[in-house]
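Trainee: Take a look at the following structure, please.
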Amino acid sequence: MFRTIMSGMKSLFRRDERNAEIEAEVRSFFESAVEHKIRQGMSRADAERGARAEIASAEMVRHKVWASGWESVAESLWKDARYSVRQVLRSPGLSIVAVLSLALGIGANTAIFTVIDDLLLKQLPVHDPQMLVSFGDGSDSGTMVSSSPGPYDIFPYDFYRRIGGNHDQFEGICAFASFTTTVSVRAESGTGGPATQAMSHLVSGTFFNVLGAPPLMGRTLNAGDTAGDTATEGGNAVAVISHRYWRENLSADPGVIGRSIAINGRSFMVVGVMPATFYGVELNEQSTDMWLPITMQHEVMMQPSLLKPDGLSWIHMMARRNSSVSVEHAQSWVTVEFQRFLTQREGAQISELRRKQISGTFIPLLPGGAGLSYVRSQYQAPLTVLMVMVGLVLLIACANLANLLLAKAASREREFCARLALGSSRGRIARQILTEALVLALTGGALGLGLAFWATRVLINFIDRGAARTALSATPDTRVLLFTFATCVLTAALFGIAPALRSSRTKMAGALNANMRNSGGTGTRSNRLLPKALIVTQVTLSLVLLTVAGLLLRTLENLQTQDMGMNRSNVLLVKTNPKFAGYQPERLNALYDRILSRIDALPGVRSVSLSGAAPLSRGNWDSPIDLDGRPTPPTEDIGTRLNRVTAGYFETMGIPLLRGRAIQSQDHADGVKSAVVNKTFADRFFSHGDAIGHSFTIADPGAAGVWHIVGIVRDSKHNSPAEKPDPFAYLAVPQLTGDDQYAYWLEIRSVGDPEKITGQVRAALAEIDPNLPILESHTIEEQADSLIDQQRFVSKLAGVFAALALTLACIGLYGVMTYNVVRRTNELGVRMALGAPKSGLLWMVLRESLVLLAIGVAVGIPVSLAATRAIKAGLFGVDPADPFTLIAAVVVLSAALLMGSYIPARRATKINPMVALRCE
Amino acid sequence: MTDTSRDLVQGTLEMLVLKTLALESMHGYGIALRIEQVSAGVFRVNPGSLLPALSRMERAGHVKAEWRTSENNRRAKYYLLTARGRKALEEERRQWGRQTEAIGRILEA
């Protein structure tokens with residue numbers, strides 16, 4: 001094999017030498033033959049004649065020897081390619097359109113595939129990622145109490161301590177917080193330099209070891225860093241930082257190892273820097289800046305310890321598989337361990353119901369090599385829909401190309417005949433056309449790759465909401481390049497095969513006849529049918545894309561205009577964190593009073609309030625409640641969402657008060673604990689009477705005490721415009737204690753544009769306490785928009801792709817119709833000379849397009865209905881078979897296509913009969 | 001020239017060349033001549049098929065070629081059987097034996 005390739009290469013590069021050698025051998029063969037014949041008694045002249053007759057043509061022999069190796073095939077392919085490039089360049093206009101539409105099609109495919117590759121396919125940049133398993137899918141995050149049966153993916157720290165040391169079932173197990181924590185960092189501990197915010201992730205000491213991620217410098221965390229057995233012992237105050245953080249925030253200090261940085265006021269020693277490729281286990285909008293020991297949770301989160309034996313669930317876990325233990329076996333082992341853990345935690349008086357619930361829990365072990373990502377789970381379905389759409393766009397582009405090549409092949413029929421007559425094989429001609437298709441496809445692909453690089457940046461910028469740092473990368477990797485190359489080849493095969501087959505079937509007789517119409521007038525019925533079938537396909541596919549895009553755009557519109565239960569204009573949201581400025585709970589109420597009165601006094605501010613969580617934000621505070629102090633039967637759903645607000649919240653957010661009173665300034669720390677509930681809360685829990693005057697207790701120990709319902713407000717939405725309202729209780733901030741007394745969000749209703757008062761608010765806060773950081777600031781509109789990011793992503797892109805499809809289909813119809821008119825110039829001229837009216841000719845040409853359009857639409861409607869059923873889950877407020885959208889799609893499609901065919905039809909009426917009749 | 005020269009059984013040319021070269025190394029014309037003589041003129045190999053076949057066999061490593069001076073002081077390309085070629089010859093011979101035997105049985109049945 002190797003020898004064959006090598007000697008082939010040698011003869012390719014030393015072509016002349018090889019040919020000379022073959023010639024010499026043929027000559028020596030000839031001379032030997034002559035000599036032999038002379039020895040047998042022939043005269044020299046006879047011998048030479050005889051030998052020549054035996055050899056026949058020396059050139060033919062030479063060619064045959066040359067053709068016996070693979071290199072001659074390579075050479076003829078190269079010749080084909082060169083000829084194809086010349087052919088492509090011969091009609092630059094058509095070729096530019098062809099290459100551009102391919103570039104758009106292939107570029108769109110590559111762009112979407114790059115994002116899919118980044119988000120859905122890529123493995124973590126660690127050692128042997130396929131041996132990593134994740135405990136559950138990691139879709140839950142935060143801190144929660146959960147007891148329901150079913151799959152688990154979030155655990156108490158205690159559970160990790162119980163099984164973390166096991167090395168029989170796994171090579172190693174690691175734990176990490178199910179969320180990242182923003183911390184305040186000063187570069188040098190002790191000094192008063194400016195504080196910056198950084199994204200930190202709490203991880204167990206085994207984290208890097210289990211992942212198999214070595215550091216670039218220094219060391220990673222090790223088991224000793226989180227060895228502390230209880231919360232009070234804590235762990236080592238050490239930090240491993242990301243490459244990017246090291247470069248940008250610590251000026252790539254080569255002596256960074258051993259340096260101290262102050263995190264939330266506490267000194268941490270930097271022990272390691274990770275390589276640039278490592279981004280942790282979570283592929284989300286913002287990448288992590290530093291990894292800190294999980295046992296430092298109290299200091300890092302500035303919250304009560306979560307490491308206590310009966311703590312909440314808040315960690316995710318991953319493990320490296322032991323190759324001798326099957327996944328099923330390991331899974332049943334962790335499930336049994338988890339059930340035992342839960343049972344022991346319940347203590348001796350475990351109820352039968354609880355026991356049953358526990359036996360229904362399990363931990364699925366899922367492939368963890370790709371890490372965890374909620375962005376991934378959010379975008380999986382939209383990206384799949386988009387990938388199918390761009391695939392269809394590419395098909396439409398292919399149909400255009402096929403038509404273009406068919407037309408060209410028809411006009412080159414004479415050339416093909418000449419070649420056939422001169423001894424070329426039909427296969428050779430087909431190969432020539434396929435090579436031409438490949439040249440076009442590869443040129444389009446190269447352009448498309450450039451286009452995709454740009455488009456991918458736009459897409460990623462959208463997905464990560466413009467985050468300054470992200471693990472998503474627009475740079476195509478080998479897989480993307482292979483994908484694009486495969487797409488090009490497949491595309492070329494798709495649009496090249498029909499013209500190749502057809503021209504290889506060129507009939508010899510007649511085609512060389514000088515009287516033949518010069519533009520392929522001999523086309524048989526079936527030959528003319530193919531372009532039409534392609535147009536019908538394009539119409540069908542365009543209709544599908546338009547309908548899908550229409551439905552998605554209407555979904556977006558419905559979501560945007562959905563009543564969120566509040567007044568969504570002129571509200572500014574500002575996030576701060578009193579913890580970063582060192583406020584203890586007992587000083588908070590005074591701070592809140594100062595902030596509220598100071599901001600309220602600003603010109604242009606109508607009202608202001610503070611709250612624990614921002615309105616319209618994902619991930620609220622959740623807890624079961626008990627009504628009027630009586631325990632509720634466990635079968636009843638008593639989960640309630642909570643938020644803590646100050647006086648003025650409902651007024652600022654424009655949430656109408658239905659009955660009773662709102663949270664007011666009289667609800668101070670020493671007063672009776674007051675709560676306002678939403679209508680769903682009142683209706684569900686007090687269906688027979690008035691909720692006001694009743695009270696409830698909250699299971700979460702942070703909101704201890706009896707809360708009295710003083711008012712009922714309208715339902716409002718929180719996580720998504722499409723959600724059903726849940727029971728919701730608003731508690732008075734000053735009446736909470738400890739960590740739950742912190743309010744992070746300021747809501748400010750302004751008279752005019754809320755953006756304009758941002759500067760004043762910033763200044764006012766700095767005046768109150770210059771250490772109060774402003775972490776985020778945006779309008780409520782922006783906040784609402786962020787809830788429907790992925791719908792906007794898929795809807796807008798679907799719209800773009802549908803428009804692209806429509807444009808390509810129009811170009812296709814225009815091309816075929818123009819070609820038909822040119823082909824029929826002669827006939828049209830005759831008709832005109834015989835007195836056919838212009839309008840008749842116009843109609844004659846248009847009718848042809850109308851028929852194709854009608855067939856395409858007739859086929860397209862049922863196909864569209866099937867397609868829209870498939871995306872039903874992604875729709876909101878619109879029926880998949882919505883007639884309005886379908887009709888609109890048909891109208892848009894028809895209008896665009898008629899425009900595309902009107903131009904060639906007009907051209908038909910402009911024909912000068914005298915010129916047309918002479919046109920040969 | 002008789003038509004029989006064209007009727008060389010498909011795929012046997014390489015075997016015949018290998019066999020011819022097994023006795024001694026030869027140049028192209030020599031091989032053609034030897035095959036014709038040994039087959040008593042039944043098989044005639046023309047250079048249009050012999051030389052490409054030799055080129056293929058050289059590629060496959062069954063023969064080795066070198067330019068030598070021939071018996072009457074001419075330069076000619078001589079072909080030598082390699083160890084690999086010898087093995088190929090044995091293999092083809094076995095195959096051929098099996099085939100002719102089988103064909104014979106069918107014809108006599």
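Each chain in the structure tokens gets a letter, A, B, ..., in the order shown, and its residues are numbered from 1; ligands are numbered from 1 in order too.
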Skipping near chain neighbours, those fewer than 2 positions away, what residues fall within 12 Å of Ser786 of chain A using only C-alpha atoms, listed as a list in words?

Mentor: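 In the requested format, the answer is Phe462, Ile463, Asp464, Arg465, Gly466, Leu559, Gln560, Leu616, Ser617, Arg618, His718, Asn719, Ser720, Pro721, His778, Thr779, Ile780, Glu781, Glu782, Gln783, Ala784, Ile788, Asp789, Gln790, Gln791, Arg792 and Phe793 of chain A.
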
Trainee: Next, dump the selected residues to file, keeping only C-alpha atoms, as a PDB file, in the first residue's frame.

Mentor:
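Here's the written file result_32.pdb:
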ATOM      1  CA  PHE A 462     -27.138  36.532  22.078  1.00  0.00           C
ATOM      2  CA  ILE A 463     -27.030  33.310  24.091  1.00  0.00           C
ATOM      3  CA  ASP A 464     -24.646  34.614  26.741  1.00  0.00           C
ATOM      4  CA  ARG A 465     -26.427  37.979  26.815  1.00  0.00           C
ATOM      5  CA  GLY A 466     -23.234  39.783  25.977  1.00  0.00           C
ATOM      6  CA  LEU A 559     -45.177  36.397  25.066  1.00  0.00           C
ATOM      7  CA  GLN A 560     -44.095  40.001  24.762  1.00  0.00           C
ATOM      8  CA  LEU A 616     -39.735  38.700  36.989  1.00  0.00           C
ATOM      9  CA  SER A 617     -36.656  36.748  37.922  1.00  0.00           C
ATOM     10  CA  ARG A 618     -36.159  33.031  37.796  1.00  0.00           C
ATOM     11  CA  HIS A 718     -42.515  35.547  37.834  1.00  0.00           C
ATOM     12  CA  ASN A 719     -40.598  33.062  35.757  1.00  0.00           C
ATOM     13  CA  SER A 720     -42.203  33.197  32.377  1.00  0.00           C
ATOM     14  CA  PRO A 721     -45.077  34.918  30.643  1.00  0.00           C
ATOM     15  CA  HIS A 778     -31.567  47.591  34.079  1.00  0.00           C
ATOM     16  CA  THR A 779     -35.174  48.423  33.316  1.00  0.00           C
ATOM     17  CA  ILE A 780     -38.077  46.115  34.072  1.00  0.00           C
ATOM     18  CA  GLU A 781     -38.613  45.806  30.312  1.00  0.00           C
ATOM     19  CA  GLU A 782     -35.138  44.365  29.916  1.00  0.00           C
ATOM     20  CA  GLN A 783     -35.788  42.059  32.838  1.00  0.00           C
ATOM     21  CA  ALA A 784     -39.013  40.833  31.213  1.00  0.00           C
ATOM     22  CA  ILE A 788     -38.053  35.032  26.880  1.00  0.00           C
ATOM     23  CA  ASP A 789     -34.527  35.099  25.497  1.00  0.00           C
ATOM     24  CA  GLN A 790     -34.637  31.652  23.940  1.00  0.00           C
ATOM     25  CA  GLN A 791     -38.030  32.249  22.356  1.00  0.00           C
ATOM     26  CA  ARG A 792     -36.684  35.455  20.863  1.00  0.00           C
ATOM     27  CA  PHE A 793     -33.591  33.581  19.726  1.00  0.00           C
TER      28      PHE A 793
END

Trainee: Please find the residues of chain B near chain A - the criterion being any atom within 10 Å, counting only C-alpha atoms - and write them as a ChimeraX atom specification.

Mentor: /B:1,27-30,32-33,44-61,67,70,72,74-78

Trainee: Step one, run DSSP on the backbone; step two, keep only residues of segment 77-128 of chain A assigned to helix (DSSP H, G or I); then write them as a ChimeraX atom specification.

Mentor: /A:77-90,92-121

Trainee: Which residues are close to Leu21 of chain B, i.e. within 10 Å by only C-alpha atoms, leaving aside same-chain residues fewer than 5 positions away? Reply as a ChimeraX atom specification.

Mentor: /B:15-16,26-27,30-31,34,63,78-82,85-86

Trainee: Could you take the residues named above and write them with C-alpha atoms, as a PDB file, in the first residue's frame?

Mentor:
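Wrote it out as result_12.pdb, contents follow:
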ATOM      1  CA  MET B  15       0.319 -15.671 -13.605  1.00  0.00           C
ATOM      2  CA  LEU B  16       1.997 -16.569 -16.894  1.00  0.00           C
ATOM      3  CA  MET B  26      14.008 -11.275 -18.653  1.00  0.00           C
ATOM      4  CA  HIS B  27      13.098  -8.123 -20.516  1.00  0.00           C
ATOM      5  CA  GLY B  30      11.752 -11.846 -23.941  1.00  0.00           C
ATOM      6  CA  ILE B  31       8.748 -12.577 -21.786  1.00  0.00           C
ATOM      7  CA  ARG B  34       8.855 -17.093 -24.172  1.00  0.00           C
ATOM      8  CA  VAL B  63       8.616  -8.069  -9.702  1.00  0.00           C
ATOM      9  CA  TYR B  78      14.901  -6.552 -17.073  1.00  0.00           C
ATOM     10  CA  TYR B  79      12.294  -7.904 -14.683  1.00  0.00           C
ATOM     11  CA  LEU B  80      13.187 -10.133 -11.700  1.00  0.00           C
ATOM     12  CA  LEU B  81      10.823 -12.141  -9.562  1.00  0.00           C
ATOM     13  CA  THR B  82      10.783 -11.049  -5.929  1.00  0.00           C
ATOM     14  CA  GLY B  85       6.136 -12.512  -6.454  1.00  0.00           C
ATOM     15  CA  ARG B  86       7.127 -16.121  -5.871  1.00  0.00           C
TER      16      ARG B  86
END

Trainee: What lies within 9 Å of Ile112 of chain A using only C-alpha atoms, ignoring chain neighbours under 2 positions off, as a short mmCIF file (atom, residue, chain, number, x, y, z; two decimals) with N, CA and C atoms, in the first residue's frame?

Mentor:
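Contents of part14.cif, freshly written:
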data_model
loop_
_atom_site.label_atom_id
_atom_site.label_comp_id
_atom_site.auth_asym_id
_atom_site.auth_seq_id
_atom_site.Cartn_x
_atom_site.Cartn_y
_atom_site.Cartn_z
N GLY A 107 -23.22 28.58 5.12
CA GLY A 107 -22.84 29.43 6.26
C GLY A 107 -23.85 29.31 7.39
N ALA A 108 -25.13 29.35 7.06
CA ALA A 108 -26.16 29.24 8.10
C ALA A 108 -26.05 27.89 8.80
N ASN A 109 -25.84 26.85 8.01
CA ASN A 109 -25.70 25.51 8.61
C ASN A 109 -24.49 25.44 9.51
N THR A 110 -23.38 25.98 9.04
CA THR A 110 -22.16 25.92 9.85
C THR A 110 -22.33 26.71 11.13
N THR A 114 -22.00 25.15 14.69
CA THR A 114 -20.95 25.55 15.62
C THR A 114 -21.54 25.74 17.02
N VAL A 115 -22.69 26.39 17.07
CA VAL A 115 -23.31 26.62 18.38
C VAL A 115 -23.75 25.28 18.98
N ILE A 116 -24.31 24.40 18.15
CA ILE A 116 -24.71 23.08 18.64
C ILE A 116 -23.49 22.33 19.15
N ASP A 117 -22.42 22.39 18.39
CA ASP A 117 -21.18 21.72 18.76
C ASP A 117 -20.69 22.24 20.10
N LEU A 383 -32.36 24.92 19.24
CA LEU A 383 -31.28 24.69 18.28
C LEU A 383 -31.62 23.55 17.33
N LEU A 386 -33.87 24.93 14.72
CA LEU A 386 -33.13 25.80 13.80
C LEU A 386 -32.25 24.98 12.87
N MET A 387 -31.66 23.89 13.39
CA MET A 387 -30.80 23.06 12.54
C MET A 387 -31.61 22.48 11.40
N VAL A 390 -32.30 25.31 8.86
CA VAL A 390 -31.20 25.68 7.96
C VAL A 390 -30.91 24.54 6.98
N ALA A 452 -20.08 32.14 8.51
CA ALA A 452 -20.49 31.46 9.73
C ALA A 452 -19.70 31.97 10.92
N ALA A 455 -21.38 35.03 11.91
CA ALA A 455 -22.73 34.78 12.41
C ALA A 455 -22.69 34.09 13.77
N THR A 456 -21.73 33.19 13.97
CA THR A 456 -21.65 32.48 15.23
C THR A 456 -21.38 33.44 16.38
N LEU A 459 -24.61 34.92 17.31
CA LEU A 459 -25.45 33.96 18.03
C LEU A 459 -24.98 33.79 19.47
#

Trainee: In Å, with one decimal, what is the gap from atom CA of Glu48 of chain A to atom CA of Val42 of chain B?

Mentor: 22.8 Å

Trainee: Write down as a list in words the residues of segment 14-104 of chain B whose backbone DSSP state falls under strand (DSSP E or B).

Mentor: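 Matching residues, listed in order: Met26, His27, Val63, Lys64, Ala65, Glu66, Trp67, Arg68, Thr69, Arg75, Ala76, Lys77, Tyr78, Tyr79, Leu80 and Leu81 of chain B.
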
Trainee: Please write the residues from the selection above to a file, keeping C-alpha atoms, as a PDB file, in the first residue's frame.

Mentor:
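And here's part.pdb as it stands now:
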ATOM      1  CA  MET B  26      14.008 -11.275 -18.653  1.00  0.00           C
ATOM      2  CA  HIS B  27      13.098  -8.123 -20.516  1.00  0.00           C
ATOM      3  CA  VAL B  63       8.616  -8.069  -9.702  1.00  0.00           C
ATOM      4  CA  LYS B  64      11.586  -5.794  -9.550  1.00  0.00           C
ATOM      5  CA  ALA B  65      12.909  -3.972 -12.615  1.00  0.00           C
ATOM      6  CA  GLU B  66      16.374  -2.833 -13.544  1.00  0.00           C
ATOM      7  CA  TRP B  67      17.991  -1.530 -16.681  1.00  0.00           C
ATOM      8  CA  ARG B  68      20.672  -3.885 -17.968  1.00  0.00           C
ATOM      9  CA  THR B  69      22.650  -4.423 -21.109  1.00  0.00           C
ATOM     10  CA  ARG B  75      19.898  -1.387 -22.892  1.00  0.00           C
ATOM     11  CA  ALA B  76      16.715  -3.136 -21.849  1.00  0.00           C
ATOM     12  CA  LYS B  77      14.532  -3.182 -18.774  1.00  0.00           C
ATOM     13  CA  TYR B  78      14.901  -6.552 -17.073  1.00  0.00           C
ATOM     14  CA  TYR B  79      12.294  -7.904 -14.683  1.00  0.00           C
ATOM     15  CA  LEU B  80      13.187 -10.133 -11.700  1.00  0.00           C
ATOM     16  CA  LEU B  81      10.823 -12.141  -9.562  1.00  0.00           C
TER      17      LEU B  81
END

Trainee: Which value, in Å to one decimal, gives the distance between atom CA of Asn222 of chain A and atom CA of Phe207 of chain A?

Mentor: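 Calculated distance between atom CA of Asn222 of chain A and atom CA of Phe207 of chain A is 8.0 Å.
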
Trainee: Need the shell around Val891 of chain A: protein/DNA/RNA residues with any atom at most 12 Å away, counting only C-alpha atoms. Skip same-chain ones fewer than 2 positions apart. Format as an mmCIF file with N, CA, C and O atoms, in the first residue's frame?

Mentor:
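Wrote it out as selection-v7.cif, contents follow:
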data_model
loop_
_atom_site.group_PDB
_atom_site.id
_atom_site.type_symbol
_atom_site.label_atom_id
_atom_site.label_comp_id
_atom_site.auth_asym_id
_atom_site.auth_seq_id
_atom_site.Cartn_x
_atom_site.Cartn_y
_atom_site.Cartn_z
ATOM 1 N N LEU A 543 -42.825 27.239 2.006
ATOM 2 C CA LEU A 543 -44.089 27.410 2.721
ATOM 3 C C LEU A 543 -43.952 26.844 4.139
ATOM 4 O O LEU A 543 -44.397 27.457 5.113
ATOM 5 N N LEU A 546 -41.903 29.279 6.156
ATOM 6 C CA LEU A 546 -42.646 30.506 6.443
ATOM 7 C C LEU A 546 -43.690 30.271 7.522
ATOM 8 O O LEU A 546 -43.864 31.094 8.425
ATOM 9 N N THR A 547 -44.377 29.136 7.432
ATOM 10 C CA THR A 547 -45.419 28.860 8.424
ATOM 11 C C THR A 547 -44.813 28.697 9.807
ATOM 12 O O THR A 547 -45.297 29.267 10.789
ATOM 13 N N LEU A 853 -46.714 27.177 -8.596
ATOM 14 C CA LEU A 853 -46.998 27.737 -7.276
ATOM 15 C C LEU A 853 -48.157 26.991 -6.634
ATOM 16 O O LEU A 853 -48.092 26.588 -5.461
ATOM 17 N N ALA A 854 -49.207 26.766 -7.434
ATOM 18 C CA ALA A 854 -50.397 26.107 -6.891
ATOM 19 C C ALA A 854 -50.060 24.699 -6.413
ATOM 20 O O ALA A 854 -50.459 24.278 -5.322
ATOM 21 N N VAL A 857 -48.018 24.902 -3.214
ATOM 22 C CA VAL A 857 -48.820 25.261 -2.039
ATOM 23 C C VAL A 857 -49.698 24.081 -1.622
ATOM 24 O O VAL A 857 -49.819 23.764 -0.434
ATOM 25 N N PHE A 884 -54.808 31.661 10.268
ATOM 26 C CA PHE A 884 -54.340 32.999 9.897
ATOM 27 C C PHE A 884 -52.872 32.969 9.472
ATOM 28 O O PHE A 884 -52.488 33.508 8.430
ATOM 29 N N THR A 885 -52.050 32.291 10.280
ATOM 30 C CA THR A 885 -50.625 32.216 9.967
ATOM 31 C C THR A 885 -50.405 31.507 8.632
ATOM 32 O O THR A 885 -49.606 31.937 7.803
ATOM 33 N N LEU A 886 -51.148 30.423 8.437
ATOM 34 C CA LEU A 886 -50.975 29.640 7.215
ATOM 35 C C LEU A 886 -51.344 30.476 5.992
ATOM 36 O O LEU A 886 -50.610 30.512 4.998
ATOM 37 N N ILE A 887 -52.474 31.195 6.112
ATOM 38 C CA ILE A 887 -52.917 32.030 4.980
ATOM 39 C C ILE A 887 -51.888 33.132 4.718
ATOM 40 O O ILE A 887 -51.491 33.388 3.580
ATOM 41 N N ALA A 888 -51.416 33.742 5.805
ATOM 42 C CA ALA A 888 -50.420 34.810 5.642
ATOM 43 C C ALA A 888 -49.180 34.262 4.936
ATOM 44 O O ALA A 888 -48.629 34.899 4.042
ATOM 45 N N ALA A 889 -48.764 33.056 5.334
ATOM 46 C CA ALA A 889 -47.576 32.460 4.720
ATOM 47 C C ALA A 889 -47.814 32.234 3.231
ATOM 48 O O ALA A 889 -46.954 32.540 2.395
ATOM 49 N N LEU A 893 -45.743 34.118 0.273
ATOM 50 C CA LEU A 893 -45.038 33.261 -0.674
ATOM 51 C C LEU A 893 -45.486 33.554 -2.101
ATOM 52 O O LEU A 893 -44.663 33.751 -3.007
ATOM 53 N N SER A 894 -46.802 33.619 -2.293
ATOM 54 C CA SER A 894 -47.319 33.850 -3.650
ATOM 55 C C SER A 894 -46.872 35.202 -4.177
ATOM 56 O O SER A 894 -46.447 35.319 -5.334
ATOM 57 N N ALA A 895 -46.978 36.224 -3.330
ATOM 58 C CA ALA A 895 -46.599 37.570 -3.774
ATOM 59 C C ALA A 895 -45.137 37.586 -4.206
ATOM 60 O O ALA A 895 -44.794 38.091 -5.280
ATOM 61 N N ALA A 896 -44.287 36.999 -3.366
ATOM 62 C CA ALA A 896 -42.857 37.036 -3.668
ATOM 63 C C ALA A 896 -42.562 36.257 -4.949
ATOM 64 O O ALA A 896 -41.806 36.717 -5.809
ATOM 65 N N LEU A 897 -43.178 35.093 -5.092
ATOM 66 C CA LEU A 897 -42.867 34.269 -6.261
ATOM 67 C C LEU A 897 -43.429 34.872 -7.539
ATOM 68 O O LEU A 897 -42.807 34.789 -8.596
ATOM 69 N N LEU A 898 -44.603 35.514 -7.429
ATOM 70 C CA LEU A 898 -45.159 36.137 -8.633
ATOM 71 C C LEU A 898 -44.259 37.265 -9.101
ATOM 72 O O LEU A 898 -44.049 37.463 -10.295
#

Trainee: Compare A:Pro734, A:Pro215, A:Gly450, A:Pro254 by their minimum atom-to-atom distance to Thr277 of chain A, counting only C-alpha atoms, and give me the closest one.

Mentor: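 Among A:Pro734, A:Pro215, A:Gly450, A:Pro254, it is A:Pro215 that comes nearest to Thr277 of chain A.
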
Trainee: Kindly give the distance, in Å, that separates atom CA of Gly565 of chain A and atom CA of Ser607 of chain A, rounded to a single decimal.

Mentor: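 Computing it gives 18.3 Å between the two atoms.
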